[in-house]
Structures are given as C-alpha cells and as structure tokens.
Amino acid sequence: IMCTDSVPVLDRFDTLLFGTADGTLRAAASVLQAGSPTADLTLSLELRAGDQVLATSQLALGEATRGELQQRCPDVRPWSPQHPTLYDATLVLRSGGTVLDRLT
C-alpha cells in the first residue's frame, strides 16, 4: 500500500479497535508516511455514545509509524440482543493541531 498524499495517514489495513466486557478499549494503528517523516504526530482515541464523550486518550507518536492506546471506560455496557448498545470509537491522527486523518 502506498500513500499517495503528501501527509501521513492511518493505515486502514493495519488498524485494530477491540473492546472488552470490562469497558477497556484497545486501539493499535500504523501510520503511512509519504516523503520525509513528520516529527510531531499524535494519535488520539475518543469513545462516544451518541453526542456524549465517554473517554479520550492521546499518544505522542513523534516519528513512530505505529501507536497503541488503551482506555478504560467503566460506564460502557457490552452489546447483547437484549441491550443492543453501540458506541463510536474514533482514531484521529494529528500533526500539531492539524487533523491529518480520522477513522471511526
């Protein structure tokens, strides 16, 4: 896979989001960089229930091409047929304050 843009992006084929019954959300993502590495990359994770933000976390990647985040959110409920609760998890890749890529 080649990154055709001049900015780093999240690798859609090497991104994993996994939630457990205790409310722990784990995210791992690789970054595709075109040209010279960007030194000030950050990766953030946000968990939402509709308009309500339940948890956020952030990781400074620097020039790294892979990052892993873990966030505990005890207020989440596991999905079941009786309680089909769904959440949105969003990974955001930034350089400084500029959003480069987003994956929900």
# chains A, B, ... in the order shown; residues from 1 in each chain; ligands from 1
call {"tool": "residues_around", "arguments": {"residues": "region 10-20 of chain A", "least_positions_apart": "5", "cutoff": "8 Å", "atoms": "only C-alpha atoms", "output": "PyMOL selection string"}}
result
chain A and resi 25-32+78+89+93+101-103
call {"tool": "write_last_selection", "arguments": {"atoms": "N, CA, C and O atoms", "output": "PDB file, in the first residue's frame"}}
result
ATOM      1  N   LEU A  25     -11.007  -0.327  26.129  1.00  0.00           N
ATOM      2  CA  LEU A  25     -10.908  -0.206  24.683  1.00  0.00           C
ATOM      3  C   LEU A  25      -9.438  -0.121  24.314  1.00  0.00           C
ATOM      4  O   LEU A  25      -8.708   0.712  24.850  1.00  0.00           O
ATOM      5  N   ARG A  26      -9.019  -1.017  23.428  1.00  0.00           N
ATOM      6  CA  ARG A  26      -7.635  -1.028  22.960  1.00  0.00           C
ATOM      7  C   ARG A  26      -7.631  -0.660  21.484  1.00  0.00           C
ATOM      8  O   ARG A  26      -8.446  -1.160  20.719  1.00  0.00           O
ATOM      9  N   ALA A  27      -6.701   0.192  21.104  1.00  0.00           N
ATOM     10  CA  ALA A  27      -6.557   0.597  19.718  1.00  0.00           C
ATOM     11  C   ALA A  27      -5.090   0.524  19.337  1.00  0.00           C
ATOM     12  O   ALA A  27      -4.223   0.925  20.107  1.00  0.00           O
ATOM     13  N   ALA A  28      -4.837  -0.008  18.159  1.00  0.00           N
ATOM     14  CA  ALA A  28      -3.487  -0.048  17.608  1.00  0.00           C
ATOM     15  C   ALA A  28      -3.594   0.376  16.152  1.00  0.00           C
ATOM     16  O   ALA A  28      -4.486  -0.070  15.436  1.00  0.00           O
ATOM     17  N   ALA A  29      -2.713   1.268  15.727  1.00  0.00           N
ATOM     18  CA  ALA A  29      -2.774   1.771  14.359  1.00  0.00           C
ATOM     19  C   ALA A  29      -1.377   2.044  13.829  1.00  0.00           C
ATOM     20  O   ALA A  29      -0.499   2.476  14.566  1.00  0.00           O
ATOM     21  N   SER A  30      -1.222   1.772  12.544  1.00  0.00           N
ATOM     22  CA  SER A  30       0.009   2.125  11.848  1.00  0.00           C
ATOM     23  C   SER A  30      -0.231   3.368  11.012  1.00  0.00           C
ATOM     24  O   SER A  30      -1.349   3.633  10.572  1.00  0.00           O
ATOM     25  N   VAL A  31       0.850   4.106  10.808  1.00  0.00           N
ATOM     26  CA  VAL A  31       0.799   5.353  10.050  1.00  0.00           C
ATOM     27  C   VAL A  31       1.600   5.175   8.775  1.00  0.00           C
ATOM     28  O   VAL A  31       2.737   4.699   8.808  1.00  0.00           O
ATOM     29  N   LEU A  32       1.001   5.542   7.651  1.00  0.00           N
ATOM     30  CA  LEU A  32       1.695   5.558   6.370  1.00  0.00           C
ATOM     31  C   LEU A  32       2.205   6.975   6.134  1.00  0.00           C
ATOM     32  O   LEU A  32       1.428   7.926   6.180  1.00  0.00           O
ATOM     33  N   PRO A  78     -21.612  -4.094  27.485  1.00  0.00           N
ATOM     34  CA  PRO A  78     -21.385  -4.941  26.317  1.00  0.00           C
ATOM     35  C   PRO A  78     -22.682  -5.106  25.516  1.00  0.00           C
ATOM     36  O   PRO A  78     -23.775  -5.084  26.082  1.00  0.00           O
ATOM     37  N   ALA A  89     -16.083   4.656  18.252  1.00  0.00           N
ATOM     38  CA  ALA A  89     -14.688   4.875  18.619  1.00  0.00           C
ATOM     39  C   ALA A  89     -14.009   5.538  17.430  1.00  0.00           C
ATOM     40  O   ALA A  89     -14.124   5.058  16.301  1.00  0.00           O
ATOM     41  N   LEU A  93      -5.463  11.196  13.757  1.00  0.00           N
ATOM     42  CA  LEU A  93      -4.037  11.435  13.584  1.00  0.00           C
ATOM     43  C   LEU A  93      -3.853  12.928  13.342  1.00  0.00           C
ATOM     44  O   LEU A  93      -4.496  13.514  12.461  1.00  0.00           O
ATOM     45  N   ASP A 101      -5.881  12.799   9.531  1.00  0.00           N
ATOM     46  CA  ASP A 101      -6.725  11.664   9.161  1.00  0.00           C
ATOM     47  C   ASP A 101      -7.606  11.303  10.348  1.00  0.00           C
ATOM     48  O   ASP A 101      -7.258  11.561  11.494  1.00  0.00           O
ATOM     49  N   ARG A 102      -8.739  10.687  10.030  1.00  0.00           N
ATOM     50  CA  ARG A 102      -9.708  10.288  11.063  1.00  0.00           C
ATOM     51  C   ARG A 102     -10.342   8.971  10.618  1.00  0.00           C
ATOM     52  O   ARG A 102     -10.671   8.807   9.452  1.00  0.00           O
ATOM     53  N   LEU A 103     -10.505   8.076  11.578  1.00  0.00           N
ATOM     54  CA  LEU A 103     -11.114   6.780  11.302  1.00  0.00           C
ATOM     55  C   LEU A 103     -12.089   6.461  12.432  1.00  0.00           C
ATOM     56  O   LEU A 103     -11.692   6.416  13.594  1.00  0.00           O
TER      57      LEU A 103
END
call {"tool": "select_by_dssp", "arguments": {"residues": "chain A", "states": "strand (DSSP E or B)", "output": "short mmCIF file (atom, residue, chain, number, x, y, z; two decimals) with all heavy atoms, in the first residue's frame"}}
result
data_model
loop_
_atom_site.label_atom_id
_atom_site.label_comp_id
_atom_site.auth_asym_id
_atom_site.auth_seq_id
_atom_site.Cartn_x
_atom_site.Cartn_y
_atom_site.Cartn_z
N VAL A 9 -1.11 9.28 6.89
CA VAL A 9 -2.49 8.81 7.06
C VAL A 9 -2.48 7.52 7.87
O VAL A 9 -1.46 6.84 7.97
CB VAL A 9 -3.21 8.57 5.72
CG1 VAL A 9 -3.39 9.86 4.94
CG2 VAL A 9 -2.48 7.54 4.88
N LEU A 10 -3.62 7.19 8.45
CA LEU A 10 -3.78 5.93 9.16
C LEU A 10 -3.90 4.79 8.15
O LEU A 10 -4.62 4.92 7.15
CB LEU A 10 -5.03 5.97 10.05
CG LEU A 10 -4.97 6.97 11.20
CD1 LEU A 10 -6.35 7.12 11.83
CD2 LEU A 10 -3.95 6.52 12.23
N ASP A 11 -3.22 3.70 8.40
CA ASP A 11 -3.27 2.53 7.54
C ASP A 11 -4.54 1.75 7.84
O ASP A 11 -4.67 1.15 8.90
CB ASP A 11 -2.03 1.67 7.76
CG ASP A 11 -1.94 0.49 6.82
OD1 ASP A 11 -2.94 0.17 6.16
OD2 ASP A 11 -0.85 -0.11 6.76
N ARG A 12 -5.49 1.75 6.94
CA ARG A 12 -6.78 1.07 7.15
C ARG A 12 -6.62 -0.44 7.27
O ARG A 12 -7.47 -1.10 7.83
CB ARG A 12 -7.73 1.37 5.99
CG ARG A 12 -8.65 2.54 6.15
CD ARG A 12 -7.97 3.80 6.42
NE ARG A 12 -8.93 4.92 6.48
CZ ARG A 12 -8.61 6.11 6.82
NH1 ARG A 12 -7.36 6.39 7.14
NH2 ARG A 12 -9.49 7.07 6.88
N PHE A 13 -5.53 -1.00 6.74
CA PHE A 13 -5.32 -2.44 6.79
C PHE A 13 -4.51 -2.87 8.01
O PHE A 13 -4.32 -4.06 8.23
CB PHE A 13 -4.63 -2.92 5.52
CG PHE A 13 -5.50 -2.76 4.30
CD1 PHE A 13 -5.23 -1.77 3.39
CD2 PHE A 13 -6.59 -3.58 4.10
CE1 PHE A 13 -6.04 -1.60 2.27
CE2 PHE A 13 -7.40 -3.42 3.00
CZ PHE A 13 -7.13 -2.43 2.07
N ASP A 14 -4.03 -1.92 8.79
CA ASP A 14 -3.25 -2.25 9.99
C ASP A 14 -3.72 -1.41 11.17
O ASP A 14 -2.94 -0.77 11.86
CB ASP A 14 -1.76 -2.03 9.74
CG ASP A 14 -0.90 -2.68 10.82
OD1 ASP A 14 -1.41 -3.56 11.54
OD2 ASP A 14 0.29 -2.29 10.95
N THR A 15 -5.05 -1.39 11.36
CA THR A 15 -5.67 -0.69 12.48
C THR A 15 -6.61 -1.65 13.18
O THR A 15 -7.38 -2.36 12.52
CB THR A 15 -6.46 0.55 11.99
OG1 THR A 15 -5.54 1.45 11.38
CG2 THR A 15 -7.15 1.25 13.13
N LEU A 16 -6.53 -1.69 14.50
CA LEU A 16 -7.36 -2.60 15.28
C LEU A 16 -7.98 -1.85 16.44
O LEU A 16 -7.29 -1.12 17.16
CB LEU A 16 -6.50 -3.75 15.84
CG LEU A 16 -7.19 -4.70 16.81
CD1 LEU A 16 -8.24 -5.53 16.09
CD2 LEU A 16 -6.17 -5.59 17.49
N LEU A 17 -9.29 -2.00 16.61
CA LEU A 17 -10.01 -1.49 17.77
C LEU A 17 -10.69 -2.69 18.41
O LEU A 17 -11.40 -3.43 17.74
CB LEU A 17 -11.06 -0.46 17.37
CG LEU A 17 -10.52 0.88 16.90
CD1 LEU A 17 -11.62 1.67 16.25
CD2 LEU A 17 -9.94 1.65 18.05
N PHE A 18 -10.48 -2.85 19.71
CA PHE A 18 -11.03 -4.01 20.39
C PHE A 18 -11.52 -3.60 21.77
O PHE A 18 -10.79 -3.00 22.53
CB PHE A 18 -9.93 -5.09 20.52
CG PHE A 18 -10.41 -6.35 21.15
CD1 PHE A 18 -11.11 -7.28 20.41
CD2 PHE A 18 -10.17 -6.61 22.49
CE1 PHE A 18 -11.56 -8.45 21.00
CE2 PHE A 18 -10.62 -7.77 23.07
CZ PHE A 18 -11.32 -8.70 22.33
N GLY A 19 -12.77 -3.90 22.07
CA GLY A 19 -13.35 -3.60 23.37
C GLY A 19 -13.61 -4.87 24.15
O GLY A 19 -13.92 -5.91 23.58
N THR A 24 -12.74 -1.80 28.73
CA THR A 24 -11.43 -1.41 28.23
C THR A 24 -11.45 -1.42 26.72
O THR A 24 -11.87 -2.39 26.10
CB THR A 24 -10.34 -2.38 28.74
OG1 THR A 24 -10.34 -2.36 30.17
CG2 THR A 24 -8.97 -1.98 28.23
N LEU A 25 -11.01 -0.33 26.13
CA LEU A 25 -10.91 -0.21 24.68
C LEU A 25 -9.44 -0.12 24.31
O LEU A 25 -8.71 0.71 24.85
CB LEU A 25 -11.64 1.04 24.20
CG LEU A 25 -11.63 1.31 22.70
CD1 LEU A 25 -12.35 0.18 21.95
CD2 LEU A 25 -12.29 2.64 22.40
N ARG A 26 -9.02 -1.02 23.43
CA ARG A 26 -7.64 -1.03 22.96
C ARG A 26 -7.63 -0.66 21.48
O ARG A 26 -8.45 -1.16 20.72
CB ARG A 26 -7.02 -2.40 23.15
CG ARG A 26 -6.80 -2.76 24.59
CD ARG A 26 -6.10 -4.11 24.73
NE ARG A 26 -5.82 -4.38 26.11
CZ ARG A 26 -6.60 -5.10 26.90
NH1 ARG A 26 -7.73 -5.60 26.44
NH2 ARG A 26 -6.28 -5.31 28.15
N ALA A 27 -6.70 0.19 21.10
CA ALA A 27 -6.56 0.60 19.72
C ALA A 27 -5.09 0.52 19.34
O ALA A 27 -4.22 0.92 20.11
CB ALA A 27 -7.07 2.02 19.52
N ALA A 28 -4.84 -0.01 18.16
CA ALA A 28 -3.49 -0.05 17.61
C ALA A 28 -3.59 0.38 16.15
O ALA A 28 -4.49 -0.07 15.44
CB ALA A 28 -2.89 -1.45 17.72
N ALA A 29 -2.71 1.27 15.73
CA ALA A 29 -2.77 1.77 14.36
C ALA A 29 -1.38 2.04 13.83
O ALA A 29 -0.50 2.48 14.57
CB ALA A 29 -3.60 3.05 14.30
N SER A 30 -1.22 1.77 12.54
CA SER A 30 0.01 2.12 11.85
C SER A 30 -0.23 3.37 11.01
O SER A 30 -1.35 3.63 10.57
CB SER A 30 0.46 0.97 10.94
OG SER A 30 0.91 -0.10 11.72
N VAL A 31 0.85 4.11 10.81
CA VAL A 31 0.80 5.35 10.05
C VAL A 31 1.60 5.17 8.78
O VAL A 31 2.74 4.70 8.81
CB VAL A 31 1.37 6.52 10.88
CG1 VAL A 31 1.40 7.81 10.06
CG2 VAL A 31 0.58 6.71 12.16
N LEU A 32 1.00 5.54 7.65
CA LEU A 32 1.70 5.56 6.37
C LEU A 32 2.21 6.97 6.13
O LEU A 32 1.43 7.93 6.18
CB LEU A 32 0.74 5.16 5.24
CG LEU A 32 0.15 3.76 5.33
CD1 LEU A 32 -0.91 3.57 4.26
CD2 LEU A 32 1.23 2.71 5.21
N LEU A 41 3.72 13.94 15.27
CA LEU A 41 2.45 13.24 15.14
C LEU A 41 1.89 12.85 16.50
O LEU A 41 2.62 12.45 17.41
CB LEU A 41 2.62 11.98 14.30
CG LEU A 41 2.96 12.17 12.83
CD1 LEU A 41 3.16 10.82 12.17
CD2 LEU A 41 1.87 12.96 12.14
N THR A 42 0.57 12.95 16.63
CA THR A 42 -0.14 12.43 17.80
C THR A 42 -1.30 11.59 17.32
O THR A 42 -1.89 11.84 16.26
CB THR A 42 -0.68 13.55 18.72
OG1 THR A 42 -1.57 14.37 17.98
CG2 THR A 42 0.44 14.38 19.31
N LEU A 43 -1.64 10.59 18.10
CA LEU A 43 -2.77 9.71 17.83
C LEU A 43 -3.70 9.83 19.02
O LEU A 43 -3.27 9.71 20.17
CB LEU A 43 -2.28 8.27 17.68
CG LEU A 43 -3.33 7.23 17.34
CD1 LEU A 43 -3.94 7.47 15.98
CD2 LEU A 43 -2.70 5.84 17.40
N SER A 44 -4.98 10.09 18.76
CA SER A 44 -5.93 10.17 19.85
C SER A 44 -7.08 9.21 19.60
O SER A 44 -7.39 8.85 18.47
CB SER A 44 -6.45 11.60 20.04
OG SER A 44 -7.14 12.03 18.90
N LEU A 45 -7.70 8.80 20.69
CA LEU A 45 -8.82 7.87 20.68
C LEU A 45 -9.96 8.51 21.45
O LEU A 45 -9.76 9.02 22.56
CB LEU A 45 -8.40 6.56 21.34
CG LEU A 45 -9.48 5.51 21.59
CD1 LEU A 45 -10.07 5.01 20.27
CD2 LEU A 45 -8.90 4.35 22.39
N GLU A 46 -11.15 8.50 20.87
CA GLU A 46 -12.33 9.05 21.52
C GLU A 46 -13.45 8.03 21.45
O GLU A 46 -13.71 7.46 20.40
CB GLU A 46 -12.76 10.34 20.81
CG GLU A 46 -13.94 11.01 21.45
CD GLU A 46 -14.29 12.30 20.74
OE1 GLU A 46 -14.98 12.23 19.71
OE2 GLU A 46 -13.83 13.36 21.21
N LEU A 47 -14.09 7.79 22.58
CA LEU A 47 -15.23 6.87 22.66
C LEU A 47 -16.47 7.68 22.96
O LEU A 47 -16.50 8.47 23.90
CB LEU A 47 -15.00 5.83 23.76
CG LEU A 47 -16.08 4.77 23.89
CD1 LEU A 47 -16.14 3.89 22.65
CD2 LEU A 47 -15.85 3.91 25.13
N ARG A 48 -17.51 7.51 22.13
CA ARG A 48 -18.75 8.28 22.25
C ARG A 48 -19.95 7.36 22.29
O ARG A 48 -19.97 6.31 21.67
CB ARG A 48 -18.92 9.22 21.06
CG ARG A 48 -17.82 10.24 20.90
CD ARG A 48 -18.04 11.09 19.68
NE ARG A 48 -19.06 12.11 19.87
CZ ARG A 48 -18.84 13.31 20.39
NH1 ARG A 48 -17.63 13.64 20.77
NH2 ARG A 48 -19.80 14.17 20.53
N ALA A 49 -20.97 7.85 23.00
CA ALA A 49 -22.30 7.25 22.98
C ALA A 49 -23.22 8.36 22.49
O ALA A 49 -23.58 9.25 23.26
CB ALA A 49 -22.72 6.75 24.35
N GLN A 52 -22.49 12.14 23.57
CA GLN A 52 -21.75 12.15 24.83
C GLN A 52 -20.38 11.51 24.67
O GLN A 52 -20.25 10.37 24.22
CB GLN A 52 -22.53 11.41 25.91
CG GLN A 52 -21.84 11.40 27.25
CD GLN A 52 -22.61 10.59 28.29
OE1 GLN A 52 -23.59 9.93 27.98
NE2 GLN A 52 -22.16 10.66 29.52
N VAL A 53 -19.32 12.25 25.04
CA VAL A 53 -17.96 11.71 25.04
C VAL A 53 -17.76 10.94 26.34
O VAL A 53 -17.89 11.50 27.42
CB VAL A 53 -16.91 12.83 24.90
CG1 VAL A 53 -15.51 12.26 25.01
CG2 VAL A 53 -17.09 13.58 23.60
N LEU A 54 -17.46 9.66 26.22
CA LEU A 54 -17.26 8.81 27.40
C LEU A 54 -15.81 8.75 27.84
O LEU A 54 -15.54 8.63 29.04
CB LEU A 54 -17.77 7.40 27.12
CG LEU A 54 -19.24 7.27 26.73
CD1 LEU A 54 -19.56 5.82 26.39
CD2 LEU A 54 -20.13 7.78 27.85
N ALA A 55 -14.89 8.81 26.89
CA ALA A 55 -13.47 8.70 27.24
C ALA A 55 -12.62 9.20 26.08
O ALA A 55 -13.01 9.07 24.92
CB ALA A 55 -13.11 7.25 27.55
N THR A 56 -11.47 9.76 26.42
CA THR A 56 -10.49 10.16 25.41
C THR A 56 -9.10 9.84 25.93
O THR A 56 -8.86 9.81 27.14
CB THR A 56 -10.56 11.68 25.09
OG1 THR A 56 -10.29 12.41 26.29
CG2 THR A 56 -11.90 12.08 24.54
N SER A 57 -8.20 9.58 25.02
CA SER A 57 -6.80 9.40 25.37
C SER A 57 -5.96 9.84 24.16
O SER A 57 -6.46 9.90 23.04
CB SER A 57 -6.48 7.96 25.76
OG SER A 57 -6.79 7.08 24.72
N GLN A 58 -4.69 10.16 24.44
CA GLN A 58 -3.82 10.66 23.39
C GLN A 58 -2.42 10.12 23.58
O GLN A 58 -1.97 9.92 24.72
CB GLN A 58 -3.80 12.19 23.41
CG GLN A 58 -3.01 12.80 22.27
CD GLN A 58 -3.22 14.29 22.17
OE1 GLN A 58 -4.35 14.75 22.16
NE2 GLN A 58 -2.14 15.04 22.13
N LEU A 59 -1.73 9.91 22.47
CA LEU A 59 -0.37 9.39 22.48
C LEU A 59 0.48 10.21 21.52
O LEU A 59 0.10 10.40 20.37
CB LEU A 59 -0.38 7.92 22.04
CG LEU A 59 0.96 7.23 21.83
CD1 LEU A 59 1.67 7.05 23.17
CD2 LEU A 59 0.75 5.88 21.16
N ALA A 60 1.62 10.69 22.00
CA ALA A 60 2.58 11.37 21.12
C ALA A 60 3.38 10.30 20.38
O ALA A 60 4.04 9.47 21.00
CB ALA A 60 3.50 12.27 21.94
N LEU A 61 3.28 10.31 19.06
CA LEU A 61 4.00 9.32 18.25
C LEU A 61 5.38 9.80 17.85
O LEU A 61 6.26 8.98 17.60
CB LEU A 61 3.21 9.02 16.96
CG LEU A 61 1.90 8.29 17.11
CD1 LEU A 61 1.20 8.18 15.76
CD2 LEU A 61 2.11 6.91 17.70
N GLY A 62 5.58 11.11 17.77
CA GLY A 62 6.85 11.61 17.26
C GLY A 62 6.99 11.19 15.81
O GLY A 62 6.12 11.45 15.00
N ARG A 66 3.84 3.46 14.34
CA ARG A 66 2.80 2.63 14.96
C ARG A 66 2.58 3.11 16.39
O ARG A 66 3.52 3.46 17.09
CB ARG A 66 3.20 1.16 14.97
CG ARG A 66 2.10 0.27 15.53
CD ARG A 66 2.23 -1.14 14.96
NE ARG A 66 1.19 -2.01 15.49
CZ ARG A 66 -0.04 -2.09 15.02
NH1 ARG A 66 -0.40 -1.35 14.00
NH2 ARG A 66 -0.92 -2.92 15.54
N GLY A 67 1.31 3.11 16.80
CA GLY A 67 0.98 3.51 18.15
C GLY A 67 -0.11 2.64 18.72
O GLY A 67 -0.94 2.10 17.98
N GLU A 68 -0.11 2.47 20.03
CA GLU A 68 -1.14 1.70 20.72
C GLU A 68 -1.67 2.51 21.90
O GLU A 68 -0.90 3.09 22.66
CB GLU A 68 -0.57 0.37 21.21
CG GLU A 68 -0.14 -0.53 20.08
CD GLU A 68 0.31 -1.90 20.55
OE1 GLU A 68 -0.04 -2.30 21.68
OE2 GLU A 68 1.02 -2.57 19.78
N LEU A 69 -2.99 2.55 22.01
CA LEU A 69 -3.67 3.25 23.09
C LEU A 69 -4.59 2.28 23.81
O LEU A 69 -5.13 1.35 23.21
CB LEU A 69 -4.53 4.39 22.54
CG LEU A 69 -3.81 5.55 21.90
CD1 LEU A 69 -4.77 6.36 21.06
CD2 LEU A 69 -3.21 6.42 22.98
N GLN A 70 -4.76 2.52 25.09
CA GLN A 70 -5.71 1.74 25.88
C GLN A 70 -6.47 2.70 26.78
O GLN A 70 -5.87 3.56 27.41
CB GLN A 70 -4.98 0.70 26.72
CG GLN A 70 -5.91 -0.15 27.56
CD GLN A 70 -5.17 -1.30 28.21
OE1 GLN A 70 -4.49 -2.06 27.54
NE2 GLN A 70 -5.31 -1.42 29.51
N GLN A 71 -7.77 2.57 26.79
CA GLN A 71 -8.62 3.48 27.57
C GLN A 71 -9.66 2.65 28.32
O GLN A 71 -10.32 1.80 27.73
CB GLN A 71 -9.33 4.47 26.63
CG GLN A 71 -10.26 5.42 27.32
CD GLN A 71 -9.52 6.39 28.22
OE1 GLN A 71 -8.53 6.97 27.83
NE2 GLN A 71 -9.99 6.54 29.43
N ARG A 72 -9.79 2.89 29.60
CA ARG A 72 -10.80 2.21 30.42
C ARG A 72 -11.99 3.13 30.58
O ARG A 72 -11.86 4.29 30.93
CB ARG A 72 -10.21 1.85 31.78
CG ARG A 72 -11.17 1.21 32.74
CD ARG A 72 -11.06 -0.31 32.68
NE ARG A 72 -11.64 -0.98 33.83
CZ ARG A 72 -12.94 -1.06 34.08
NH1 ARG A 72 -13.79 -0.48 33.29
NH2 ARG A 72 -13.38 -1.71 35.12
N ASP A 88 -19.35 4.66 19.35
CA ASP A 88 -18.46 5.07 18.28
C ASP A 88 -17.07 5.28 18.86
O ASP A 88 -16.91 6.01 19.84
CB ASP A 88 -18.92 6.38 17.63
CG ASP A 88 -20.16 6.20 16.78
OD1 ASP A 88 -20.25 5.18 16.08
OD2 ASP A 88 -21.03 7.08 16.81
N ALA A 89 -16.08 4.66 18.25
CA ALA A 89 -14.69 4.87 18.62
C ALA A 89 -14.01 5.54 17.43
O ALA A 89 -14.12 5.06 16.30
CB ALA A 89 -14.01 3.56 18.96
N THR A 90 -13.32 6.65 17.67
CA THR A 90 -12.67 7.40 16.61
C THR A 90 -11.19 7.56 16.91
O THR A 90 -10.83 8.00 18.00
CB THR A 90 -13.32 8.79 16.44
OG1 THR A 90 -14.71 8.62 16.17
CG2 THR A 90 -12.68 9.56 15.31
N LEU A 91 -10.37 7.20 15.94
CA LEU A 91 -8.93 7.46 16.00
C LEU A 91 -8.66 8.69 15.15
O LEU A 91 -9.16 8.80 14.02
CB LEU A 91 -8.14 6.29 15.44
CG LEU A 91 -8.05 5.05 16.31
CD1 LEU A 91 -7.44 3.90 15.52
CD2 LEU A 91 -7.21 5.34 17.54
N VAL A 92 -7.87 9.62 15.68
CA VAL A 92 -7.53 10.84 14.96
C VAL A 92 -6.01 10.99 14.95
O VAL A 92 -5.37 10.93 16.00
CB VAL A 92 -8.18 12.09 15.61
CG1 VAL A 92 -7.80 13.35 14.84
CG2 VAL A 92 -9.69 11.94 15.68
N LEU A 93 -5.46 11.20 13.76
CA LEU A 93 -4.04 11.44 13.58
C LEU A 93 -3.85 12.93 13.34
O LEU A 93 -4.50 13.51 12.46
CB LEU A 93 -3.51 10.64 12.39
CG LEU A 93 -2.02 10.77 12.09
CD1 LEU A 93 -1.18 10.16 13.21
CD2 LEU A 93 -1.70 10.11 10.76
N ARG A 94 -2.98 13.55 14.15
CA ARG A 94 -2.74 15.00 14.04
C ARG A 94 -1.24 15.27 13.91
O ARG A 94 -0.41 14.51 14.41
CB ARG A 94 -3.25 15.73 15.28
CG ARG A 94 -4.74 15.78 15.42
CD ARG A 94 -5.14 16.61 16.65
NE ARG A 94 -6.57 16.74 16.78
CZ ARG A 94 -7.36 15.87 17.40
NH1 ARG A 94 -6.84 14.80 17.96
NH2 ARG A 94 -8.65 16.08 17.48
N SER A 95 -0.97 16.39 13.29
CA SER A 95 0.37 16.96 13.28
C SER A 95 0.22 18.36 13.84
O SER A 95 -0.42 19.21 13.22
CB SER A 95 0.93 17.00 11.86
OG SER A 95 2.20 17.63 11.86
N THR A 98 -3.30 20.21 13.59
CA THR A 98 -3.98 19.94 12.34
C THR A 98 -4.35 18.47 12.22
O THR A 98 -3.51 17.58 12.37
CB THR A 98 -3.06 20.31 11.13
OG1 THR A 98 -2.67 21.66 11.25
CG2 THR A 98 -3.77 20.08 9.82
N VAL A 99 -5.64 18.20 11.96
CA VAL A 99 -6.09 16.83 11.74
C VAL A 99 -5.65 16.38 10.36
O VAL A 99 -5.96 17.02 9.35
CB VAL A 99 -7.63 16.74 11.87
CG1 VAL A 99 -8.12 15.36 11.49
CG2 VAL A 99 -8.07 17.10 13.28
N LEU A 100 -4.91 15.26 10.33
CA LEU A 100 -4.43 14.70 9.07
C LEU A 100 -5.35 13.58 8.58
O LEU A 100 -5.53 13.40 7.38
CB LEU A 100 -3.02 14.16 9.22
CG LEU A 100 -1.95 15.14 9.67
CD1 LEU A 100 -0.62 14.44 9.84
CD2 LEU A 100 -1.85 16.30 8.70
N ASP A 101 -5.88 12.80 9.53
CA ASP A 101 -6.72 11.66 9.16
C ASP A 101 -7.61 11.30 10.35
O ASP A 101 -7.26 11.56 11.49
CB ASP A 101 -5.86 10.48 8.75
CG ASP A 101 -6.62 9.43 7.94
OD1 ASP A 101 -7.78 9.69 7.54
OD2 ASP A 101 -6.04 8.36 7.69
N ARG A 102 -8.74 10.69 10.03
CA ARG A 102 -9.71 10.29 11.06
C ARG A 102 -10.34 8.97 10.62
O ARG A 102 -10.67 8.81 9.45
CB ARG A 102 -10.77 11.36 11.18
CG ARG A 102 -11.87 11.06 12.16
CD ARG A 102 -12.75 12.23 12.29
NE ARG A 102 -11.85 13.32 12.61
CZ ARG A 102 -12.18 14.48 13.13
NH1 ARG A 102 -13.43 14.76 13.35
NH2 ARG A 102 -11.30 15.41 13.40
N LEU A 103 -10.51 8.08 11.58
CA LEU A 103 -11.11 6.78 11.30
C LEU A 103 -12.09 6.46 12.43
O LEU A 103 -11.69 6.42 13.59
CB LEU A 103 -10.03 5.72 11.21
CG LEU A 103 -10.44 4.29 10.91
CD1 LEU A 103 -11.16 4.22 9.58
CD2 LEU A 103 -9.22 3.39 10.91
#
call {"tool": "atom_distance", "arguments": {"atom1": "CA of Pro74 (chain A)", "atom2": "CA of Gly23 (chain A)"}}
result
5.0 Å
